[in-house]
>>> print(open('input_1.cif').read())   # mmCIF, C-alpha atoms and all ligand atoms
data_model
#
loop_
_atom_site.label_atom_id
_atom_site.label_comp_id
_atom_site.auth_asym_id
_atom_site.auth_seq_id
_atom_site.Cartn_x
_atom_site.Cartn_y
_atom_site.Cartn_z
CA MET A 1 -57.83 47.23 -3.90
CA ILE A 2 -54.46 47.81 -2.26
CA TYR A 3 -51.33 45.70 -2.76
CA GLY A 4 -48.46 45.06 -0.43
CA LEU A 5 -45.22 43.57 -1.72
CA ASP A 6 -42.63 42.14 0.61
CA ILE A 7 -39.36 41.70 -1.28
CA GLY A 8 -36.98 39.39 0.54
CA GLY A 9 -33.66 37.82 -0.35
CA THR A 10 -35.32 34.62 -1.59
CA LYS A 11 -39.04 35.33 -2.16
CA ILE A 12 -41.31 38.18 -3.23
CA GLU A 13 -44.76 38.04 -1.63
CA LEU A 14 -47.69 40.01 -2.99
CA ALA A 15 -50.83 40.36 -0.88
CA ILE A 16 -54.08 41.95 -2.06
CA TYR A 17 -56.21 43.74 0.55
CA ASP A 18 -59.55 45.47 0.23
CA THR A 19 -59.72 49.13 1.29
CA GLN A 20 -60.71 48.02 4.82
CA HIS A 21 -57.42 46.03 5.01
CA ASN A 22 -58.95 42.55 4.85
CA LYS A 23 -56.63 40.17 3.04
CA GLN A 24 -58.16 38.85 -0.19
CA ASN A 25 -55.31 36.93 -1.78
CA ALA A 26 -51.55 36.38 -1.49
CA TRP A 27 -48.86 34.45 -3.33
CA ARG A 28 -45.09 34.26 -3.69
CA VAL A 29 -42.49 34.12 -6.44
CA GLN A 30 -38.71 33.71 -6.40
CA THR A 31 -36.62 36.89 -6.09
CA PRO A 32 -34.19 37.32 -9.02
CA LYS A 33 -31.03 38.24 -7.11
CA ASN A 34 -28.45 38.86 -9.81
CA ASP A 35 -30.19 40.33 -12.86
CA TYR A 36 -31.72 43.77 -12.32
CA GLN A 37 -33.80 43.75 -15.55
CA GLU A 38 -35.20 40.34 -14.63
CA PHE A 39 -35.96 41.68 -11.14
CA LEU A 40 -38.00 44.55 -12.63
CA ALA A 41 -39.75 42.20 -15.08
CA VAL A 42 -40.80 39.85 -12.25
CA LEU A 43 -42.29 42.78 -10.30
CA LYS A 44 -44.14 43.96 -13.38
CA ASP A 45 -45.57 40.46 -13.94
CA ILE A 46 -46.70 39.89 -10.36
CA VAL A 47 -48.45 43.28 -10.19
CA ALA A 48 -50.10 42.67 -13.59
CA GLU A 49 -51.36 39.35 -12.21
CA ALA A 50 -52.76 41.15 -9.14
CA ASP A 51 -54.53 43.70 -11.38
CA HIS A 52 -55.97 40.82 -13.40
CA LYS A 53 -57.15 38.92 -10.31
CA SER A 54 -58.66 41.96 -8.60
CA GLY A 55 -60.05 43.58 -11.76
CA THR A 56 -58.59 46.94 -10.67
CA GLN A 57 -55.31 48.83 -10.76
CA GLY A 58 -54.40 48.64 -7.08
CA SER A 59 -52.14 50.94 -5.10
CA VAL A 60 -48.66 49.56 -4.44
CA GLY A 61 -46.57 49.63 -1.28
CA ILE A 62 -43.23 47.80 -1.25
CA GLY A 63 -41.23 46.63 1.75
CA LEU A 64 -37.54 45.87 1.30
CA PRO A 65 -34.72 44.75 3.61
CA CYS A 66 -32.73 47.89 2.79
CA VAL A 67 -32.74 51.66 3.07
CA PHE A 68 -32.84 54.31 0.35
CA ASP A 69 -30.52 57.25 -0.09
CA ASP A 70 -31.78 60.76 -0.93
CA HIS A 71 -31.89 59.84 -4.64
CA GLY A 72 -34.09 56.77 -4.15
CA ARG A 73 -31.17 54.36 -4.62
CA ALA A 74 -31.25 51.13 -2.62
CA ILE A 75 -28.29 50.66 -0.28
CA ALA A 76 -27.08 47.77 1.90
CA ALA A 77 -29.51 45.39 0.22
CA SER A 78 -29.33 41.62 0.58
CA ILE A 79 -30.41 41.42 -3.08
CA PRO A 80 -27.16 42.18 -4.98
CA CYS A 81 -28.74 43.29 -8.29
CA ILE A 82 -30.68 46.19 -6.74
CA ASN A 83 -27.74 47.75 -4.93
CA ASN A 84 -27.14 51.36 -6.04
CA GLN A 85 -29.88 51.20 -8.66
CA PRO A 86 -32.45 54.03 -8.97
CA LEU A 87 -34.98 51.49 -7.71
CA ALA A 88 -37.83 53.81 -6.72
CA GLU A 89 -37.90 55.49 -10.13
CA ASP A 90 -37.45 52.28 -12.14
CA ILE A 91 -40.17 50.35 -10.29
CA ALA A 92 -42.69 53.22 -10.53
CA HIS A 93 -41.94 53.39 -14.27
CA ALA A 94 -42.24 49.61 -14.74
CA LEU A 95 -45.56 49.46 -12.85
CA GLY A 96 -46.99 52.63 -14.35
CA ARG A 97 -48.19 54.00 -11.01
CA HIS A 98 -47.09 55.68 -7.82
CA VAL A 99 -45.19 53.31 -5.54
CA THR A 100 -44.51 53.73 -1.81
CA PHE A 101 -41.37 52.19 -0.30
CA GLN A 102 -40.53 51.35 3.27
CA ASN A 103 -37.94 49.30 5.09
CA ASP A 104 -39.58 45.93 5.87
CA VAL A 105 -39.01 46.05 9.63
CA ARG A 106 -40.39 49.61 9.95
CA ALA A 107 -43.43 48.46 7.92
CA PHE A 108 -43.95 45.62 10.41
CA VAL A 109 -43.96 48.07 13.34
CA PHE A 110 -46.35 50.42 11.54
CA SER A 111 -48.74 47.53 10.83
CA GLU A 112 -48.82 46.45 14.47
CA ALA A 113 -49.38 50.04 15.64
CA TYR A 114 -52.16 50.46 13.06
CA GLY A 115 -54.91 47.99 13.95
CA GLY A 116 -52.44 45.40 15.26
CA ALA A 117 -51.22 44.21 18.65
CA ALA A 118 -50.13 47.74 19.65
CA ASP A 119 -53.24 49.52 18.35
CA GLY A 120 -54.25 52.48 20.50
CA HIS A 121 -50.77 53.03 21.97
CA GLU A 122 -49.01 56.33 21.30
CA ASN A 123 -45.34 55.23 21.47
CA VAL A 124 -44.71 51.81 19.97
CA LEU A 125 -41.38 50.06 19.72
CA GLY A 126 -41.09 47.04 17.44
CA VAL A 127 -38.26 44.54 17.79
CA VAL A 128 -37.55 41.78 15.31
CA LEU A 129 -35.46 38.79 16.34
CA GLY A 130 -34.81 36.58 13.34
CA THR A 131 -31.76 36.00 11.18
CA GLY A 132 -30.76 39.44 12.45
CA VAL A 133 -31.89 41.88 15.13
CA GLY A 134 -33.66 45.11 14.20
CA GLY A 135 -36.62 47.27 14.97
CA GLY A 136 -38.51 50.48 14.48
CA LEU A 137 -40.46 53.16 16.29
CA CYS A 138 -43.93 54.45 15.63
CA PHE A 139 -45.05 57.63 17.39
CA GLY A 140 -48.71 58.64 17.13
CA GLY A 141 -49.20 56.37 14.13
CA GLU A 142 -46.18 57.75 12.23
CA ILE A 143 -43.01 55.78 11.54
CA TYR A 144 -39.99 57.54 13.02
CA GLN A 145 -37.73 58.46 10.10
CA SER A 146 -34.19 59.13 11.26
CA ARG A 147 -31.45 61.14 9.55
CA GLN A 148 -29.47 58.17 8.19
CA ASN A 149 -32.17 55.52 8.52
CA VAL A 150 -30.14 53.66 11.12
CA ALA A 151 -32.32 54.31 14.19
CA CYS A 152 -33.20 50.95 15.82
CA GLU A 153 -30.38 49.02 14.16
CA PHE A 154 -29.99 47.27 17.51
CA GLY A 155 -28.25 44.32 15.92
CA HIS A 156 -25.01 46.29 15.71
CA VAL A 157 -24.94 47.58 19.27
CA PRO A 158 -22.51 45.57 21.47
CA LEU A 159 -23.62 43.01 24.04
CA SER A 160 -23.03 44.34 27.55
CA ALA A 161 -19.72 43.53 29.26
CA ILE A 162 -21.58 42.00 32.22
CA LEU A 163 -23.00 39.26 29.97
CA GLN A 164 -19.77 38.91 28.03
CA GLN A 165 -17.95 38.09 31.29
CA ARG A 166 -20.72 36.10 32.99
CA TYR A 167 -20.93 33.57 30.16
CA ASN A 168 -17.32 33.81 29.01
CA PHE A 169 -18.44 34.79 25.52
CA PRO A 170 -15.68 35.55 23.00
CA LEU A 171 -15.82 38.94 21.23
CA ARG A 172 -17.37 37.75 17.99
CA ARG A 173 -16.67 39.62 14.75
CA CYS A 174 -19.77 40.85 12.91
CA GLY A 175 -20.27 41.15 9.14
CA CYS A 176 -20.64 44.93 9.62
CA GLY A 177 -16.97 45.22 10.61
CA LEU A 178 -17.58 45.78 14.33
CA SER A 179 -17.12 43.31 17.17
CA SER A 180 -19.44 41.80 19.77
CA CYS A 181 -22.60 43.01 17.98
CA LEU A 182 -25.91 41.74 19.44
CA ASN A 183 -26.60 40.03 16.10
CA GLN A 184 -23.83 37.57 16.95
CA TYR A 185 -25.51 36.47 20.21
CA ILE A 186 -29.27 37.05 20.34
CA SER A 187 -30.42 36.53 16.73
CA GLY A 188 -31.60 33.06 15.59
CA PRO A 189 -28.07 32.17 14.36
CA GLY A 190 -26.73 33.71 17.61
CA LEU A 191 -28.86 31.30 19.67
CA GLU A 192 -27.56 28.40 17.55
CA TRP A 193 -24.02 29.58 18.21
CA MET A 194 -24.76 29.60 21.96
CA CYS A 195 -25.55 25.87 21.76
CA THR A 196 -22.01 25.30 20.49
CA HIS A 197 -20.52 27.69 23.03
CA PHE A 198 -22.12 25.80 25.92
CA ASN A 199 -21.24 22.41 24.37
CA SER A 200 -24.86 21.41 24.05
CA ASN A 201 -25.56 18.73 21.47
CA HIS A 202 -28.63 20.55 20.09
CA ARG A 203 -28.59 21.39 16.40
CA GLY A 204 -30.74 24.37 15.64
CA VAL A 205 -33.29 26.40 17.58
CA LYS A 206 -36.18 23.90 17.17
CA GLU A 207 -34.18 21.07 18.67
CA LEU A 208 -33.00 23.29 21.51
CA ILE A 209 -36.55 24.37 22.41
CA ALA A 210 -37.72 20.73 22.33
CA GLY A 211 -34.91 20.05 24.83
CA VAL A 212 -36.03 22.95 27.04
CA ARG A 213 -39.61 21.63 27.06
CA ALA A 214 -38.31 18.16 27.98
CA ASN A 215 -36.36 19.69 30.90
CA GLU A 216 -32.96 18.65 29.53
CA ALA A 217 -30.26 20.23 31.67
CA ASN A 218 -27.94 21.38 28.88
CA ALA A 219 -30.80 22.84 26.80
CA THR A 220 -32.07 24.73 29.86
CA LYS A 221 -28.57 26.08 30.54
CA VAL A 222 -28.30 27.52 27.01
CA PHE A 223 -31.82 28.92 27.04
CA ASN A 224 -31.39 30.51 30.50
CA ALA A 225 -28.29 32.34 29.26
CA TYR A 226 -30.15 33.42 26.13
CA ILE A 227 -33.14 34.73 28.13
CA ASP A 228 -30.72 36.58 30.43
CA CYS A 229 -29.17 38.30 27.37
CA LEU A 230 -32.64 39.19 26.06
CA GLY A 231 -33.63 40.54 29.49
CA ALA A 232 -30.61 42.87 29.53
CA PHE A 233 -31.37 43.98 25.95
CA PHE A 234 -35.02 44.79 26.67
CA ALA A 235 -34.01 46.66 29.84
CA GLN A 236 -31.67 48.79 27.69
CA LEU A 237 -34.52 49.41 25.24
CA THR A 238 -36.74 50.48 28.15
CA LEU A 239 -34.14 52.97 29.39
CA MET A 240 -33.50 54.31 25.90
CA TYR A 241 -37.07 54.64 24.59
CA ASP A 242 -39.46 53.96 27.49
CA PRO A 243 -42.16 52.90 24.99
CA ASP A 244 -45.81 52.26 25.93
CA ILE A 245 -45.59 48.78 24.46
CA ILE A 246 -43.09 46.56 22.62
CA VAL A 247 -44.15 44.24 19.80
CA LEU A 248 -41.70 41.38 19.41
CA GLY A 249 -41.67 39.70 15.99
CA GLY A 250 -39.39 37.56 13.82
CA GLY A 251 -38.82 33.80 13.88
CA ILE A 252 -37.65 33.78 17.52
CA SER A 253 -40.98 35.31 18.63
CA ASN A 254 -42.64 31.97 17.85
CA ILE A 255 -41.06 30.61 21.06
CA ARG A 256 -43.85 31.21 23.61
CA GLU A 257 -41.50 30.78 26.60
CA ILE A 258 -39.81 34.05 25.65
CA PHE A 259 -42.95 36.08 26.37
CA GLN A 260 -43.53 34.17 29.61
CA ARG A 261 -40.02 34.69 30.92
CA LEU A 262 -39.02 38.15 29.67
CA PRO A 263 -40.67 40.28 32.43
CA THR A 264 -38.69 38.45 35.15
CA ALA A 265 -35.51 38.49 33.03
CA ILE A 266 -35.68 42.27 32.45
CA ALA A 267 -36.24 43.31 36.08
CA PRO A 268 -32.65 42.75 37.40
CA TYR A 269 -31.32 45.18 34.77
CA LEU A 270 -33.62 48.07 35.69
CA PHE A 271 -33.19 50.27 38.72
CA SER A 272 -35.80 50.65 41.41
CA GLY A 273 -39.07 52.31 40.40
CA VAL A 274 -38.69 51.57 36.68
CA ASP A 275 -40.68 48.78 35.09
CA ALA A 276 -40.57 47.26 31.63
CA PRO A 277 -43.40 47.87 29.17
CA THR A 278 -45.75 45.08 28.14
CA ILE A 279 -44.20 42.91 25.43
CA VAL A 280 -46.65 41.38 22.99
CA ALA A 281 -46.57 39.07 19.97
CA PRO A 282 -47.58 40.55 16.58
CA LYS A 283 -51.26 40.25 15.69
CA PHE A 284 -50.58 39.72 11.99
CA GLY A 285 -47.57 37.41 12.39
CA ASP A 286 -45.37 36.97 9.36
CA SER A 287 -47.74 38.97 7.13
CA SER A 288 -47.53 42.12 9.22
CA GLY A 289 -44.82 43.76 7.08
CA VAL A 290 -46.69 43.23 3.82
CA ARG A 291 -49.89 44.54 5.43
CA GLY A 292 -47.97 47.59 6.67
CA VAL A 293 -46.63 48.57 3.25
CA ALA A 294 -50.04 47.97 1.63
CA ILE A 295 -51.62 50.48 4.06
CA LEU A 296 -48.74 52.95 3.58
CA GLY A 297 -49.24 52.71 -0.20
CA GLN A 298 -52.95 53.39 0.22
CA GLN A 299 -52.31 56.38 2.51
CA ALA A 300 -49.75 57.87 0.10
CA LEU A 301 -52.19 57.62 -2.80
CA PHE A 302 -54.94 59.22 -0.72
CA GLU A 303 -52.64 62.18 0.06
CA ILE A 304 -51.70 62.56 -3.62
CA HIS A 305 -55.39 62.70 -4.62
CA GLN A 306 -56.11 65.20 -1.85
CA ASN A 307 -53.38 67.50 -3.16
CA ASP A 308 -54.58 67.27 -6.78
ZN ZN B 401 -22.47 44.36 13.50
#
>>> encode(input="input_1.cif", output="structure tokens", more="lines below")
Ligand SMILES: [Zn+2]
Amino acid sequence: MIYGLDIGGTKIELAIYDTQHNKQNAWRVQTPKNDYQEFLAVLKDIVAEADHKSGTQGSVGIGLPCVFDDHGRAIAASIPCINNQPLAEDIAHALGRHVTFQNDVRAFVFSEAYGGAADGHENVLGVVLGTGVGGGLCFGGEIYQSRQNVACEFGHVPLSAILQQRYNFPLRRCGCGLSSCLNQYISGPGLEWMCTHFNSNHRGVKELIAGVRANEANATKVFNAYIDCLGAFFAQLTLMYDPDIIVLGGGISNIREIFQRLPTAIAPYLFSGVDAPTIVAPKFGDSSGVRGVAILGQQALFEIHQND
């Protein structure tokens, strides 16, 4: 059996897959955020439970919303207790087996390129629009690993001046210390902020989309501006990476109108003769990241055995 663990700021999900990547079982526990020893103990318990349920000692792949430095220390994590800890070493020790780590968004892209919505495509770009904006690249089935692990941190690239002026957007400060980052405009919270900016009375994305579907003028105005911003963003992605296909995930990707309207929204931002790649929804939805790390864990173990 192979296990994938998705460690988020509030929940840890463990999913058990068979060696053919069919999901057998999955459950969640709370993430201990402030006590590192408790964090390790919870991981040890959940993996022991998986071993018990599956009757084997499964391989382990872990996805985290952070990156690792050269010494295996977690950095920029949304889980305070793991920051700057020798996480890779400590978890492998606690679980008594080899453990593979990957950034959760990169794992999502890998999963969709490997048997998912982008299967069979050579150059795959994944974009996640949720509480933040991020992504990853997968070339020929391999995750692109960049020098500082910041490739595809689109959320901290500025919104274009054309859009800034067209919609009279203020230059919003971002938590990263920069200004006018895309995170502040096109993430889920960014879309909520747009409702306020355009004086719409909609509270939250769900309410806004209900308004769009009911043809309410002020909801449509907000959503049109949002789609325009997304169109410009995806045109930039096309000019930067020219991928064969883009998989769009994250909470915002549950809005079906986005897939319907994006091709028309991208076109005005591309010059003549250039077209946008197909943009598809993830095949494995919210469980794609956990599936991705489970497969990466299995592959790593296979390579270790081959080199024995
Ligand atoms: Zn930023």
>>> residues_around(input="input_1.cif", residues="Ser253 in chain A", least_positions_apart="4", cutoff="7 Å", atoms="only C-alpha atoms", output="mmCIF file with C-alpha atoms, keeping the file's coordinate frame")
data_model
loop_
_atom_site.group_PDB
_atom_site.id
_atom_site.type_symbol
_atom_site.label_atom_id
_atom_site.label_comp_id
_atom_site.auth_asym_id
_atom_site.auth_seq_id
_atom_site.Cartn_x
_atom_site.Cartn_y
_atom_site.Cartn_z
ATOM 1 C CA LEU A 129 -35.460 38.790 16.340
ATOM 2 C CA LEU A 248 -41.700 41.380 19.410
ATOM 3 C CA GLY A 249 -41.670 39.700 15.990
ATOM 4 C CA ALA A 281 -46.570 39.070 19.970
#
>>> closest_residue(input="input_1.cif", among="A:Ala225, A:Leu171, A:Ala294, A:Val205", to="ligand ZN 401 (chain B)", atoms="all atoms listed in the file")
A:Leu171
>>> residues_near_ligand(input="input_1.cif", ligand="ligand ZN 401 (chain B)", cutoff="8 Å", atoms="only C-alpha atoms and all ligand atoms", output="short mmCIF file (atom, residue, chain, number, x, y, z; two decimals) with C-alpha atoms, in the frame of the given file")
data_model
loop_
_atom_site.label_atom_id
_atom_site.label_comp_id
_atom_site.auth_asym_id
_atom_site.auth_seq_id
_atom_site.Cartn_x
_atom_site.Cartn_y
_atom_site.Cartn_z
CA GLY A 155 -28.25 44.32 15.92
CA HIS A 156 -25.01 46.29 15.71
CA VAL A 157 -24.94 47.58 19.27
CA ARG A 173 -16.67 39.62 14.75
CA CYS A 174 -19.77 40.85 12.91
CA GLY A 175 -20.27 41.15 9.14
CA CYS A 176 -20.64 44.93 9.62
CA GLY A 177 -16.97 45.22 10.61
CA LEU A 178 -17.58 45.78 14.33
CA SER A 179 -17.12 43.31 17.17
CA SER A 180 -19.44 41.80 19.77
CA CYS A 181 -22.60 43.01 17.98
CA LEU A 182 -25.91 41.74 19.44
CA ASN A 183 -26.60 40.03 16.10
CA GLN A 184 -23.83 37.57 16.95
#
>>> closest_residue(input="input_1.cif", among="A:Ala15, A:Leu159, A:Phe110, A:Gln164", to="Lys53 in chain A", atoms="only C-alpha atoms")
A:Ala15
>>> closest_residue(input="input_1.cif", among="A:Ile245, A:Ile295, A:Ile255, A:Met194", to="Asp119 in chain A", atoms="all atoms listed in the file")
A:Ile245
>>> closest_residue(input="input_1.cif", among="A:Leu125, A:Cys138, A:Ile2, A:Ala210", to="Ile62 in chain A", atoms="all atoms listed in the file")
A:Ile2
>>> residues_around(input="input_1.cif", residues="range 67-80 of chain A", least_positions_apart="6", cutoff="12 Å", atoms="all atoms listed in the file", output="PyMOL selection string")
chain A and resi 7-12+30-36+39+86-92+99-106+145-151+153+175-176
>>> atom_distance(input="input_1.cif", atom1="CA of Gln299 in chain A", atom2="CA of Ile143 in chain A")
13.0 Å
>>> residues_around(input="input_1.cif", residues="Ala94 in chain A", least_positions_apart="6", cutoff="9 Å", atoms="only C-alpha atoms", output="number ranges by chain")
A: 40-41, 43-44
